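Trainee: Please see the structure below; I have some questions.
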Amino acid sequence: MELKYLFSPHKIGNVLIKNRFVRSATAENMAEEGHPSDQLINLYIELAQGGVGLIITGGIAVDPSSTFTKKGTSLHNDAFISSHRKLVDSIHNYDTKIAAQLGHTGRQSSNKRYEAVAPSSILYPQTGRVPRALSTEEITKIIIPSFVESGRRAYESGYDMIQLHAAHGYLLGSFLTPYTNHRTDKFGGNIFNRTRILIDIFNSLRDEVGKEFPITIKLQTQDGDLSGGLTLDEGLEITKIVYQTGFDAIEPSGGGGDLIGTDWLLPSVVIKSPEEENYFLPTIKEIRALKGNCPLLLMGGIRNPLIAERFIQEGTTDFISLSRPLVCEPDLVNRWKSGDHSPALCESCNSCYYSIIGGILECILN
Ligand SMILES: Cc1cc2nc3c(=O)[nH]c(=O)nc-3n(C[C@H](O)[C@H](O)[C@H](O)COP(=O)(O)O)c2cc1C
């Protein structure tokens with residue numbers, strides 16, 4: 001069987017992607033003082049050679065306080081543009097597109113050199129730190145501009161698009177959920193107010209980078225079993241606002257660091273059987289039913305290309321986004337293209353997740 005839907009091109013905004021495979025953002029812990037290193041560039045070249053149509057970088061910090069790992073990348077000032085341009089140029093040699101994922105660790109920051117900041121002062125159990133609540137002025141004068149300026153730098157570095165990281169309990173995601181947003185100003189309270197930071201970033205960024213540069217989002221749609229957290233019903237209301245705002249693609253996600261010891265600790269669920277795969281499928285079906293006007297990226301435990309082909313054929317999703325399987329097999333897309341349709345070798349054990357705490361991104365299987 002030919003995987004003709006998976007290997008058909010499709011656009012995000014005006015950017016044509018050669019197939020439906022996306023490397024979902026995956027922190028690598030390979031930067032040098034925030035700059036992409038040769039080691040990181042080589043990893044991305046390996047992914048590009050492996051056939052994936054779009055690479056989403058690991059989270060890139062918009063502020064010096066907020067790199068996603070000790071050796072995470074940054075775009076918090078203009079000095080970072082040239083090293084990011086080198087990375088982007090290397091990838092473009094392979095007819096692969098690349099998106100910069102922009103984020104701020106917020107309440108979940110473990111960098112002790114800086115105070116952690118958040119919409120409200122709610123203890124983060126994994127670090128034992130209570131973040132300081134941002135003032136309204138700090139949100140409008142520092143946080144929003146830091147995303148806009150970093151987006152402009154991503155554009156000037158040659159990235160094909162950006163993805164805002166608004167999930168997993170990091171700063172933007174923590175505005176969306178009532179668990180961590182107890183504000184009473186225009187950035188808190190009802191769903192629209194909690195989503196306002198995304199709208200404000202989007203509108204200012206659009207002015208900065210123009211209409212042709214896609215602005216996409218990884219969006220928290222639910223907090224899982226977190227009592228007092230974001231429910232999927234509220235997540236769907238947020239998604240409607242995100243659609244109306246004009247985002248160019250949505251990758252629905254969920255979970256975060258608060259639920260230590262449960263499946264919802266991460267969006268990277270430990271999968272023990274094929275029945276547990278494709279775990280954001282029910283969510284994306286609900287989002288599809290909203291009939292929004294931009295492409296969707298399905299991520300979360302996709303391991304079988306024949307099933308993924310059906311998701312594209314049936315219009316459930318426009319793209320298939322993979323993280324852990326591409327750590328295990330960077331050439332997975334070419335393997336599937338060549339006719340070997342056996343599922344990804346990835347055992348979804350999360351050894352890769354733990355690898356970046358002390359070292360570089362790696363898989364115990366390879
Ligand atoms: C090692 C590792 C690093 C990750 N880093 C990021 C990140 O920087 N940004 C992000 O949005 N998601 C990150 N994720 C989540 C993945 O993008 C993805 O959503 C999740 O692992 C589920 O997809 P999968 O089953 O294909 O791995 C990371 C996951 C892992 C395992």
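By convention in this document, the chains of the structure tokens carry letters A, B, ... by their order, each chain's residues are numbered from 1, and ligands are numbered from 1 in the order they are shown.
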Once you count only C-alpha atoms and all ligand atoms, which residues end up within 6 Å of ligand 1, and could you hand them over as a VMD selection string?

Mentor: chain A and resid 24 to 27 58 to 59 165 267 to 268 299 to 302 322 to 325 350 352 to 353

Trainee: Just want the 10 Å neighbourhood of Trp336 of chain A, counted on only C-alpha atoms, with same-chain residues fewer than 2 positions away dropped. Output as an NGL selection string.

Mentor: :A and (2-3 or 6-7 or 51 or 304-306 or 331-334 or 338-344)

Trainee: Figure out the distance between atom CA of Ser174 of chain A and atom CA of Lys11 of chain A, please, to one decimal in Å.

Mentor: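 Distance between the two atoms: 29.8 Å.
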
Trainee: With a distance cut-off of 6 Å and only C-alpha atoms, select the neighbouring residues of segment 176-191 of chain A, excluding the residue or stretch itself and same-chain residues fewer than 5 positions from it, and output the selection as a ChimeraX atom specification.

Mentor: /A:119-120,228-230

Trainee: Take the residues that were just selected and, keeping all heavy atoms, output them as an mmCIF file, in the first residue's frame.

Mentor:
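Saved as again_1.cif:
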data_model
loop_
_atom_site.group_PDB
_atom_site.id
_atom_site.type_symbol
_atom_site.label_atom_id
_atom_site.label_comp_id
_atom_site.auth_asym_id
_atom_site.auth_seq_id
_atom_site.Cartn_x
_atom_site.Cartn_y
_atom_site.Cartn_z
ATOM 1 N N PRO A 119 1.351 34.047 36.044
ATOM 2 C CA PRO A 119 0.164 34.898 36.199
ATOM 3 C C PRO A 119 -0.189 35.092 37.677
ATOM 4 O O PRO A 119 -0.597 36.177 38.082
ATOM 5 C CB PRO A 119 -0.953 34.130 35.487
ATOM 6 C CG PRO A 119 -0.315 33.019 34.749
ATOM 7 C CD PRO A 119 1.092 32.867 35.200
ATOM 8 N N SER A 120 -0.034 34.037 38.487
ATOM 9 C CA SER A 120 -0.358 34.123 39.918
ATOM 10 C C SER A 120 0.684 33.324 40.698
ATOM 11 O O SER A 120 1.390 32.489 40.137
ATOM 12 C CB SER A 120 -1.751 33.535 40.190
ATOM 13 O OG SER A 120 -2.724 34.159 39.375
ATOM 14 N N GLY A 228 -9.374 21.485 39.411
ATOM 15 C CA GLY A 228 -9.356 22.946 39.262
ATOM 16 C C GLY A 228 -8.592 23.401 38.036
ATOM 17 O O GLY A 228 -8.363 24.592 37.842
ATOM 18 N N GLY A 229 -8.205 22.438 37.205
ATOM 19 C CA GLY A 229 -7.437 22.769 36.002
ATOM 20 C C GLY A 229 -8.332 23.042 34.801
ATOM 21 O O GLY A 229 -9.562 23.088 34.908
ATOM 22 N N LEU A 230 -7.696 23.200 33.646
ATOM 23 C CA LEU A 230 -8.419 23.494 32.404
ATOM 24 C C LEU A 230 -9.145 22.243 31.910
ATOM 25 O O LEU A 230 -8.523 21.193 31.730
ATOM 26 C CB LEU A 230 -7.408 23.967 31.349
ATOM 27 C CG LEU A 230 -7.977 24.429 30.015
ATOM 28 C CD1 LEU A 230 -8.662 25.787 30.168
ATOM 29 C CD2 LEU A 230 -6.873 24.523 28.968
#

Trainee: Work out how far apart atom CA of Gly50 of chain A and atom CA of His10 of chain A are and give it in Å to one decimal.

Mentor: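 That distance, rounded to one decimal, is 18.5 Å.
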